[in-house]
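Student: Contents of target-v9.cif (mmCIF, C-alpha atoms):
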data_data
loop_
_atom_site.label_atom_id
_atom_site.label_comp_id
_atom_site.auth_asym_id
_atom_site.auth_seq_id
_atom_site.Cartn_x
_atom_site.Cartn_y
_atom_site.Cartn_z
CA MET A 1 -14.31 0.27 7.44
CA ASN A 2 -13.16 2.54 10.19
CA LYS A 3 -10.49 4.65 8.49
CA ASP A 4 -8.97 5.77 11.78
CA ARG A 5 -8.30 2.28 12.96
CA LYS A 6 -4.62 1.48 13.23
CA ILE A 7 -3.83 -1.59 11.15
CA SER A 8 -0.75 -3.59 12.08
CA ASP A 9 2.23 -3.66 9.74
CA PRO A 10 2.07 -7.42 9.05
CA VAL A 11 -1.55 -7.07 7.90
CA ILE A 12 -0.66 -4.10 5.69
CA LYS A 13 2.19 -6.07 4.15
CA ARG A 14 -0.18 -8.94 3.31
CA LEU A 15 -2.74 -6.72 1.55
CA PRO A 16 -0.81 -6.49 -1.74
CA ARG A 17 -0.53 -10.29 -1.76
CA TYR A 18 -4.28 -10.64 -1.39
CA TYR A 19 -4.72 -8.09 -4.12
CA ARG A 20 -2.35 -9.98 -6.41
CA PHE A 21 -3.87 -13.41 -5.78
CA LEU A 22 -7.39 -12.12 -6.22
CA GLY A 23 -6.33 -10.50 -9.49
CA GLU A 24 -5.06 -13.85 -10.73
CA LEU A 25 -8.36 -15.49 -9.76
CA ALA A 26 -10.34 -12.74 -11.50
CA GLU A 27 -8.27 -13.30 -14.68
CA LYS A 28 -9.33 -16.95 -14.55
CA ASN A 29 -12.97 -15.87 -14.16
CA VAL A 30 -13.26 -17.29 -10.66
CA GLN A 31 -16.30 -15.62 -9.08
CA ARG A 32 -16.20 -16.67 -5.44
CA ILE A 33 -13.60 -18.10 -3.09
CA SER A 34 -13.71 -19.42 0.47
CA SER A 35 -11.17 -18.38 3.07
CA ARG A 36 -9.98 -22.01 3.02
CA GLU A 37 -9.24 -21.97 -0.72
CA LEU A 38 -7.57 -18.59 -0.40
CA SER A 39 -5.47 -19.89 2.48
CA ASP A 40 -4.30 -22.94 0.50
CA LYS A 41 -3.27 -20.67 -2.32
CA MET A 42 -1.49 -18.15 -0.13
CA GLY A 43 0.12 -20.40 2.47
CA LEU A 44 -1.75 -18.78 5.36
CA THR A 45 -4.33 -20.31 7.68
CA ALA A 46 -8.00 -19.72 6.90
CA SER A 47 -8.44 -18.19 10.34
CA GLN A 48 -5.55 -15.77 9.66
CA ILE A 49 -7.25 -14.67 6.46
CA ARG A 50 -10.61 -14.16 8.16
CA GLN A 51 -8.88 -12.13 10.88
CA ASP A 52 -7.03 -10.01 8.32
CA LEU A 53 -10.15 -9.23 6.34
CA ASN A 54 -12.10 -8.50 9.49
CA CYS A 55 -9.64 -5.67 10.15
CA PHE A 56 -11.36 -3.92 7.27
CA GLY A 57 -14.90 -4.78 8.21
CA GLY A 58 -15.02 -8.25 6.60
CA PHE A 59 -16.51 -8.88 3.18
CA GLY A 60 -17.50 -12.54 3.35
CA GLN A 61 -20.78 -14.25 3.96
CA GLN A 62 -20.77 -17.37 6.15
CA GLY A 63 -20.93 -20.40 3.84
CA TYR A 64 -20.74 -18.39 0.63
CA GLY A 65 -17.14 -17.23 0.73
CA TYR A 66 -15.97 -13.99 -0.79
CA SER A 67 -16.80 -12.40 -4.11
CA VAL A 68 -13.40 -12.25 -5.81
CA GLN A 69 -14.12 -8.99 -7.61
CA VAL A 70 -15.72 -7.19 -4.67
CA LEU A 71 -12.97 -8.24 -2.30
CA ARG A 72 -10.25 -7.26 -4.78
CA ASP A 73 -11.80 -3.86 -5.45
CA GLU A 74 -12.20 -3.22 -1.76
CA ILE A 75 -8.60 -4.17 -0.95
CA GLY A 76 -7.43 -2.00 -3.85
CA HIS A 77 -9.44 0.85 -2.40
CA ILE A 78 -7.94 0.29 1.06
CA LEU A 79 -4.47 0.26 -0.47
CA GLY A 80 -5.34 3.51 -2.20
CA ILE A 81 -4.32 2.35 -5.64
CA ASP A 82 -7.00 4.48 -7.28
CA ASN A 83 -5.05 7.57 -6.20
CA CYS A 84 -2.51 7.82 -8.99
CA TYR A 85 0.21 9.56 -6.98
CA LYS A 86 2.82 11.35 -9.05
CA ALA A 87 6.26 9.77 -8.64
CA VAL A 88 9.71 10.89 -9.75
CA LEU A 89 12.64 8.52 -10.02
CA PHE A 90 16.26 9.36 -9.20
CA GLY A 91 19.04 7.36 -10.79
CA ALA A 92 18.74 6.14 -14.39
CA GLY A 93 21.21 3.27 -14.03
CA ASN A 94 20.33 -0.39 -14.45
CA LEU A 95 18.13 -0.50 -11.38
CA GLY A 96 16.33 2.75 -12.14
CA LYS A 97 15.72 1.60 -15.70
CA ALA A 98 14.44 -1.77 -14.50
CA ILE A 99 11.99 -0.03 -12.17
CA ALA A 100 10.86 2.46 -14.80
CA VAL A 101 10.42 -0.13 -17.54
CA HIS A 102 9.01 -3.18 -15.75
CA LEU A 103 6.66 -1.81 -13.12
CA SER A 104 3.06 -1.09 -14.00
CA PHE A 105 2.84 2.05 -11.89
CA GLU A 106 -0.68 2.92 -13.02
CA LYS A 107 -2.02 -0.39 -11.76
CA ILE A 108 -0.68 0.13 -8.26
CA GLY A 109 -1.42 3.69 -7.35
CA PHE A 110 1.27 5.75 -9.06
CA ARG A 111 2.21 7.53 -12.25
CA LEU A 112 5.88 7.95 -13.10
CA ILE A 113 6.17 11.55 -14.30
CA GLY A 114 9.92 12.23 -14.27
CA ILE A 115 13.36 10.60 -14.17
CA PHE A 116 16.45 12.43 -12.96
CA ASP A 117 20.14 11.62 -13.10
CA ASN A 118 23.28 13.68 -12.65
CA ASP A 119 25.29 11.73 -15.19
CA THR A 120 25.49 13.95 -18.28
CA ASN A 121 25.66 10.82 -20.45
CA LYS A 122 22.22 9.82 -19.23
CA VAL A 123 20.53 13.23 -19.26
CA GLY A 124 18.53 13.56 -22.47
CA THR A 125 18.19 9.81 -23.07
CA LYS A 126 14.74 8.27 -23.14
CA ILE A 127 13.28 5.62 -20.84
CA ASN A 128 9.82 4.65 -21.96
CA ASP A 129 8.40 8.00 -23.02
CA LEU A 130 10.29 10.00 -20.39
CA THR A 131 13.43 12.00 -21.09
CA VAL A 132 16.00 11.78 -18.31
CA MET A 133 16.48 15.22 -16.72
CA SER A 134 19.36 16.78 -14.82
CA GLU A 135 18.81 17.52 -11.14
CA ASP A 136 19.31 21.20 -12.03
CA GLU A 137 15.80 21.04 -13.47
CA LEU A 138 14.32 19.52 -10.32
CA GLU A 139 13.12 22.68 -8.57
CA ASN A 140 11.28 23.99 -11.62
CA PHE A 141 9.87 20.57 -12.32
CA CYS A 142 8.53 20.27 -8.78
CA GLN A 143 6.92 23.70 -8.88
CA ARG A 144 5.15 22.81 -12.12
CA ASN A 145 4.20 19.22 -11.33
CA GLN A 146 4.04 18.82 -7.53
CA PRO A 147 5.23 15.21 -7.29
CA ASP A 148 3.90 13.16 -4.40
CA ALA A 149 6.68 10.62 -4.07
CA ALA A 150 10.32 10.00 -4.96
CA ILE A 151 12.02 6.74 -5.87
CA PHE A 152 15.65 6.48 -4.75
CA CYS A 153 17.74 4.37 -7.13
CA VAL A 154 20.89 6.27 -6.22
CA PRO A 155 24.05 5.13 -4.41
CA LYS A 156 24.18 5.34 -0.63
CA SER A 157 26.62 8.26 -0.90
CA SER A 158 24.07 10.48 -2.69
CA ALA A 159 20.96 9.50 -0.72
CA SER A 160 21.27 11.85 2.25
CA GLU A 161 21.85 14.96 0.14
CA LEU A 162 19.01 14.07 -2.21
CA LEU A 163 16.70 13.52 0.75
CA GLU A 164 17.37 17.02 2.07
CA LYS A 165 16.76 18.54 -1.35
CA LEU A 166 13.46 16.73 -1.79
CA TYR A 167 12.31 17.44 1.74
CA VAL A 168 12.76 21.18 1.21
CA LEU A 169 10.85 20.90 -2.08
CA GLY A 170 7.98 19.27 -0.20
CA ILE A 171 8.38 15.67 -1.37
CA LYS A 172 8.13 13.56 1.76
CA ASN A 173 7.19 10.08 0.55
CA TYR A 174 10.03 7.84 -0.54
CA TRP A 175 10.52 4.43 -2.08
CA ASN A 176 14.10 3.71 -1.21
CA PHE A 177 16.49 1.28 -2.92
CA SER A 178 19.67 3.01 -1.73
CA HIS A 179 21.54 1.24 1.05
CA TYR A 180 20.90 4.29 3.19
CA ASP A 181 18.17 4.29 5.82
CA LEU A 182 16.09 7.36 5.08
CA ALA A 183 13.58 6.83 7.83
CA PHE A 184 15.27 8.41 10.81
CA GLU A 185 16.15 11.85 9.50
CA HIS A 186 12.69 13.42 9.70
CA ASP A 187 9.55 12.54 11.63
CA ASP A 188 7.03 13.50 8.97
CA VAL A 189 8.27 11.41 6.06
CA ILE A 190 6.97 8.09 4.81
CA VAL A 191 9.57 5.60 3.69
CA GLU A 192 9.26 2.17 2.19
CA ASN A 193 12.70 0.62 2.05
CA VAL A 194 13.71 -2.16 -0.32
CA HIS A 195 16.93 -3.55 1.05
CA LEU A 196 17.99 -6.12 -1.51
CA ASN A 197 21.07 -7.06 0.52
CA ASP A 198 18.88 -7.84 3.52
CA SER A 199 16.63 -10.05 1.45
CA LEU A 200 19.60 -11.99 0.07
CA MET A 201 20.97 -12.43 3.59
CA VAL A 202 17.65 -13.88 4.70
CA LEU A 203 17.96 -16.41 1.87
CA CYS A 204 21.48 -17.16 3.08
CA TYR A 205 20.15 -17.77 6.59
CA LYS A 206 17.45 -20.08 5.29
CA ILE A 207 19.85 -22.11 3.16
CA SER A 208 22.35 -22.36 6.02
CA ASN A 209 19.73 -23.61 8.37
CA LYS A 210 18.21 -26.07 5.92
CA ASN A 211 21.64 -27.62 5.52
CA LEU A 212 22.28 -27.69 9.25
CA HIS A 213 19.03 -29.46 9.88
CA LYS A 214 19.82 -31.96 7.16
CA GLU A 215 23.21 -32.69 8.72
CA ASN A 216 21.82 -33.10 12.23
CA MET B 1 23.29 -20.79 20.38
CA ASN B 2 21.01 -23.75 20.03
CA LYS B 3 21.05 -24.36 16.27
CA ASP B 4 17.87 -26.40 16.35
CA ARG B 5 15.84 -23.66 17.91
CA LYS B 6 13.18 -22.30 15.62
CA ILE B 7 13.64 -18.57 15.22
CA SER B 8 10.60 -16.55 14.22
CA ASP B 9 10.48 -14.91 10.80
CA PRO B 10 10.35 -11.32 12.10
CA VAL B 11 13.56 -11.89 14.09
CA ILE B 12 15.25 -13.45 11.06
CA LYS B 13 14.22 -10.49 8.94
CA ARG B 14 15.77 -8.08 11.46
CA LEU B 15 19.14 -9.85 11.56
CA PRO B 16 20.44 -8.31 8.32
CA ARG B 17 19.53 -4.87 9.66
CA TYR B 18 21.54 -5.48 12.83
CA TYR B 19 24.38 -6.72 10.69
CA ARG B 20 24.23 -3.61 8.51
CA PHE B 21 24.02 -1.13 11.39
CA LEU B 22 26.82 -2.83 13.28
CA GLY B 23 28.95 -2.72 10.12
CA GLU B 24 28.40 1.05 9.91
CA LEU B 25 29.42 1.42 13.55
CA ALA B 26 32.52 -0.71 13.02
CA GLU B 27 33.51 1.50 10.05
CA LYS B 28 33.33 4.48 12.41
CA ASN B 29 35.54 2.60 14.89
CA VAL B 30 32.80 2.37 17.51
CA GLN B 31 33.85 -0.39 19.92
CA ARG B 32 30.84 -0.93 22.16
CA ILE B 33 27.15 -0.07 22.02
CA SER B 34 24.29 -0.37 24.47
CA SER B 35 20.94 -1.84 23.51
CA ARG B 36 19.50 1.65 24.07
CA GLU B 37 21.86 3.30 21.56
CA LEU B 38 21.25 0.50 19.08
CA SER B 39 17.51 0.91 19.53
CA ASP B 40 17.65 4.67 18.87
CA LYS B 41 19.59 4.01 15.70
CA MET B 42 17.32 1.24 14.47
CA GLY B 43 13.91 2.52 15.52
CA LEU B 44 13.23 -0.50 17.74
CA THR B 45 12.79 -0.59 21.51
CA ALA B 46 15.80 -1.57 23.63
CA SER B 47 13.80 -4.43 25.11
CA GLN B 48 12.99 -5.70 21.60
CA ILE B 49 16.68 -5.71 20.77
CA ARG B 50 17.60 -7.56 23.95
CA GLN B 51 14.88 -10.12 23.22
CA ASP B 52 16.09 -10.56 19.63
CA LEU B 53 19.69 -11.10 20.63
CA ASN B 54 18.67 -13.43 23.44
CA CYS B 55 17.21 -15.72 20.75
CA PHE B 56 20.82 -16.44 19.85
CA GLY B 57 22.16 -16.79 23.36
CA GLY B 58 22.75 -13.06 24.06
CA PHE B 59 26.12 -11.44 23.66
CA GLY B 60 25.89 -8.44 26.00
CA GLN B 61 27.15 -7.85 29.48
CA GLN B 62 24.88 -5.98 31.88
CA GLY B 63 26.09 -2.38 32.05
CA TYR B 64 28.79 -2.80 29.42
CA GLY B 65 26.69 -3.13 26.27
CA TYR B 66 27.74 -5.16 23.28
CA SER B 67 31.08 -5.37 21.55
CA VAL B 68 30.25 -4.11 18.05
CA GLN B 69 32.72 -6.41 16.31
CA VAL B 70 31.89 -9.55 18.31
CA LEU B 71 28.16 -9.02 17.89
CA ARG B 72 28.51 -8.31 14.17
CA ASP B 73 30.67 -11.39 13.58
CA GLU B 74 28.28 -13.55 15.54
CA ILE B 75 25.22 -12.30 13.63
CA GLY B 76 27.11 -12.79 10.36
CA HIS B 77 27.85 -16.34 11.44
CA ILE B 78 24.20 -16.96 12.34
CA LEU B 79 23.16 -15.58 8.94
CA GLY B 80 25.68 -17.95 7.38
CA ILE B 81 27.38 -15.27 5.30
CA ASP B 82 30.73 -17.04 5.59
CA ASN B 83 29.32 -19.85 3.43
CA CYS B 84 29.86 -18.39 -0.02
CA TYR B 85 27.00 -20.22 -1.74
CA LYS B 86 27.30 -20.43 -5.51
CA ALA B 87 24.51 -18.51 -7.24
CA VAL B 88 23.40 -18.35 -10.85
CA LEU B 89 21.29 -15.53 -12.23
CA PHE B 90 18.58 -15.88 -14.86
CA GLY B 91 17.62 -12.89 -16.97
CA ALA B 92 20.26 -10.39 -18.10
CA GLY B 93 17.86 -7.47 -18.60
CA ASN B 94 18.00 -4.22 -16.64
CA LEU B 95 17.04 -5.83 -13.36
CA GLY B 96 19.41 -8.79 -13.74
CA LYS B 97 22.23 -6.43 -14.64
CA ALA B 98 21.44 -4.18 -11.68
CA ILE B 99 21.57 -7.17 -9.34
CA ALA B 100 24.78 -8.54 -10.87
CA VAL B 101 26.58 -5.20 -10.89
CA HIS B 102 25.49 -3.51 -7.67
CA LEU B 103 25.28 -6.28 -5.10
CA SER B 104 28.36 -7.29 -3.15
CA PHE B 105 27.53 -10.99 -3.18
CA GLU B 106 30.76 -12.03 -1.47
CA LYS B 107 29.99 -9.87 1.55
CA ILE B 108 26.63 -11.48 2.14
CA GLY B 109 27.13 -15.20 1.69
CA PHE B 110 27.12 -15.77 -2.05
CA ARG B 111 29.31 -15.86 -5.14
CA LEU B 112 27.73 -15.15 -8.51
CA ILE B 113 29.17 -17.79 -10.82
CA GLY B 114 26.94 -17.65 -13.89
CA ILE B 115 24.37 -15.54 -15.77
CA PHE B 116 21.89 -17.03 -18.21
CA ASP B 117 19.53 -15.50 -20.73
CA ASN B 118 17.64 -16.89 -23.70
CA ASP B 119 17.89 -13.70 -25.72
CA THR B 120 20.54 -14.37 -28.38
CA ASN B 121 21.42 -10.66 -28.35
CA LYS B 122 22.45 -10.97 -24.73
CA VAL B 123 24.23 -14.34 -24.86
CA GLY B 124 27.97 -13.73 -25.15
CA THR B 125 27.87 -10.21 -23.68
CA LYS B 126 29.79 -9.51 -20.49
CA ILE B 127 28.42 -8.39 -17.12
CA ASN B 128 31.24 -7.76 -14.70
CA ASP B 129 33.61 -10.61 -15.55
CA LEU B 130 30.85 -13.09 -16.42
CA THR B 131 29.82 -13.94 -19.97
CA VAL B 132 26.06 -14.36 -20.37
CA MET B 133 25.26 -17.97 -21.31
CA SER B 134 22.35 -19.55 -23.15
CA GLU B 135 20.07 -21.82 -21.12
CA ASP B 136 21.19 -24.62 -23.47
CA GLU B 137 24.43 -24.60 -21.50
CA LEU B 138 22.69 -24.86 -18.14
CA GLU B 139 22.76 -28.60 -17.64
CA ASN B 140 26.48 -28.91 -18.37
CA PHE B 141 27.20 -25.86 -16.26
CA CYS B 142 25.31 -27.32 -13.31
CA GLN B 143 27.10 -30.66 -13.56
CA ARG B 144 30.47 -28.92 -13.53
CA ASN B 145 29.72 -26.21 -10.94
CA GLN B 146 26.91 -27.47 -8.69
CA PRO B 147 25.24 -24.10 -8.01
CA ASP B 148 23.49 -23.73 -4.64
CA ALA B 149 20.97 -21.04 -5.55
CA ALA B 150 19.23 -19.38 -8.48
CA ILE B 151 18.19 -15.76 -8.90
CA PHE B 152 15.02 -15.26 -10.93
CA CYS B 153 15.07 -11.98 -12.87
CA VAL B 154 12.79 -13.40 -15.54
CA PRO B 155 9.22 -12.49 -16.52
CA LYS B 156 6.35 -14.20 -14.76
CA SER B 157 5.61 -16.18 -17.92
CA SER B 158 9.01 -17.94 -17.83
CA ALA B 159 9.28 -18.51 -14.09
CA SER B 160 7.32 -21.75 -13.75
CA GLU B 161 9.18 -23.54 -16.55
CA LEU B 162 12.55 -22.36 -15.25
CA LEU B 163 11.66 -23.55 -11.76
CA GLU B 164 10.95 -27.06 -13.01
CA LYS B 165 14.20 -27.15 -14.96
CA LEU B 166 16.25 -26.02 -11.97
CA TYR B 167 14.46 -28.34 -9.58
CA VAL B 168 15.34 -31.35 -11.71
CA LEU B 169 18.95 -30.15 -11.86
CA GLY B 170 19.02 -30.06 -8.06
CA ILE B 171 18.92 -26.29 -7.50
CA LYS B 172 16.29 -25.76 -4.82
CA ASN B 173 17.08 -22.35 -3.31
CA TYR B 174 15.66 -19.32 -5.10
CA TRP B 175 15.83 -15.58 -4.86
CA ASN B 176 12.78 -14.56 -6.81
CA PHE B 177 12.06 -11.21 -8.50
CA SER B 178 9.52 -12.58 -10.97
CA HIS B 179 5.91 -11.78 -10.23
CA TYR B 180 5.31 -15.49 -9.89
CA ASP B 181 5.06 -17.13 -6.47
CA LEU B 182 7.54 -19.98 -6.55
CA ALA B 183 6.96 -21.17 -3.02
CA PHE B 184 3.96 -23.40 -3.38
CA GLU B 185 5.08 -25.77 -6.13
CA HIS B 186 7.42 -27.96 -4.08
CA ASP B 187 7.78 -28.60 -0.37
CA ASP B 188 11.55 -28.86 -0.25
CA VAL B 189 12.53 -25.57 -1.83
CA ILE B 190 13.61 -22.36 -0.13
CA VAL B 191 12.32 -19.15 -1.64
CA GLU B 192 12.95 -15.55 -0.77
CA ASN B 193 10.59 -13.42 -2.81
CA VAL B 194 11.16 -9.78 -3.64
CA HIS B 195 7.82 -8.45 -4.79
CA LEU B 196 8.56 -4.90 -5.86
CA ASN B 197 4.93 -4.27 -6.74
CA ASP B 198 3.87 -5.25 -3.23
CA SER B 199 6.38 -2.89 -1.70
CA LEU B 200 5.17 0.00 -3.84
CA MET B 201 1.57 -0.79 -2.88
CA VAL B 202 2.53 -0.62 0.78
CA LEU B 203 3.94 2.86 0.12
CA CYS B 204 0.67 3.73 -1.58
CA TYR B 205 -1.26 2.58 1.47
CA LYS B 206 0.95 4.61 3.79
CA ILE B 207 0.62 7.77 1.70
CA SER B 208 -3.15 7.33 1.41
CA ASN B 209 -3.52 6.95 5.13
CA LYS B 210 -1.22 9.83 5.99
CA ASN B 211 -3.42 12.06 3.86
CA LEU B 212 -6.61 10.70 5.34
CA HIS B 213 -5.39 11.34 8.85
CA LYS B 214 -4.34 14.86 7.89
CA GLU B 215 -7.78 15.57 6.48
CA ASN B 216 -9.60 14.19 9.51
#
Once more with this new file: its structure as structure tokens, please.

Tutor:
Amino acid sequence: MNKDRKISDPVIKRLPRYYRFLGELAEKNVQRISSRELSDKMGLTASQIRQDLNCFGGFGQQGYGYSVQVLRDEIGHILGIDNCYKAVLFGAGNLGKAIAVHLSFEKIGFRLIGIFDNDTNKVGTKINDLTVMSEDELENFCQRNQPDAAIFCVPKSSASELLEKLYVLGIKNYWNFSHYDLAFEHDDVIVENVHLNDSLMVLCYKISNKNLHKEN
Amino acid sequence: MNKDRKISDPVIKRLPRYYRFLGELAEKNVQRISSRELSDKMGLTASQIRQDLNCFGGFGQQGYGYSVQVLRDEIGHILGIDNCYKAVLFGAGNLGKAIAVHLSFEKIGFRLIGIFDNDTNKVGTKINDLTVMSEDELENFCQRNQPDAAIFCVPKSSASELLEKLYVLGIKNYWNFSHYDLAFEHDDVIVENVHLNDSLMVLCYKISNKNLHKEN
């Protein structure tokens, strides 16, 4: 694979899906899969899948399909999930807790090393094996642990200030659940936004248009 | 707008962002905006924005820009957020609670009318003004209330069984947080998946490639 090659966003967004589906196949001891079988399973065309995988050099053999394990390992490597980036989470409310408890960070490239909240009722409580810290401890913590990424589970009103604090401390990669768009403040940050409202509005659009088409 | 016109997924996915940005402008009492200003704010090109809005008939006047309020209302109408679809939520754990508490359903096309969980410790507890119900009550509840959509905040292991139950009860629109892909079981369902793992893997990819490019 040519590491310098610019891969389009839609392809990047599909990589985790490939990784997930191939993981499920591996669990079922499936050894090989054709692009056609993969396409049926994923709701993409076989030609789309071949094109996607060709972006990374292609791993299939004509007529033999893909080795599930090789392809999965390779996609995992492309995604960088063997990196184990150190992440800190901000906001120990319901959403923050859900993220901290339910996500298998280690399996997807990260290790959750700290949780911060400014609510004194939450500071000192435990989530998994982590004790929630006050943001007063953030600077020291960063100096000692050099986190790579921050997870924003804070309200929109706190997001901008937190961003500035983290930026100065050298944390420039963000997974953002706040309703605040972090992306346009600085050029050298990486942001992956999860806008739950937007997703629900897309569902609303789809329902509305299903009904319209039924009525017509 | 021609309601029968097929709008591409990327345009649909951008509509909530327009809606959100225009809402922020309206809050600041901004009356009109040009496609160029909107593009700076949203990180899209002005021509992209004009193309997007032309999909819906176009609302701008050459040289005058768009009326923020008119455009926002129109996009809201296209999204169908004046519909107030009745939604029920499954899974009253941290994630389910976060969704129920933090999302302003009414502002984005839905009303949360019921929360279900099979954990007897959770049944009977209150989230906002809703009392968590047992799934034993689901059939009666559906007959009385005719929900339009279901929110899956359940583990992967429960998702398939829940889907079948809901499908039989006539609920065919799903907002899915389980790690299970609901989409490919039935042809006549609408699914909007939120795969948090996938999103975090995309961040991982972006961080990995930023570092690679720095090193090169």

Student: Which residues, named as in the file, does the PyMOL selection byres ((chain A) within 6 of (chain B)) pick out? Answer as a list in words.

Tutor: Pro16, Leu79, Gly80, Asn94, Leu95, Ala98, Ile108, Glu192, Asp198, Met201, Leu203, Tyr205 and Ser208 of chain A

Student: Could you tell me, as JSON, numbers by chain, exactly which residues end up selected when the PyMOL selection byres ((chain A and resi 132) around 7) is applied to this structure?

Tutor: {"A": [115, 116, 117, 122, 123, 124, 125, 126, 130, 131, 133, 134]}

Student: Figure out the distance between atom CA of Arg111 of chain B and atom CA of Glu137 of chain B, please, to one decimal in Å.

Tutor: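 We find that atom CA of Glu137 of chain B and atom CA of Arg111 of chain B lie 19.2 Å from each other.
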
Student: Suppose you want the space between atom CA of Ile49 of chain B and atom CA of Glu74 of chain B; what is it in Å?

Tutor: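 Separation of atom CA of Ile49 of chain B and atom CA of Glu74 of chain B: 14.9 Å.
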
Student: What gap, in Å, lies between atom CA of Val30 of chain A and atom CA of Lys156 of chain B?

Tutor: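 It comes out at 20.3 Å.
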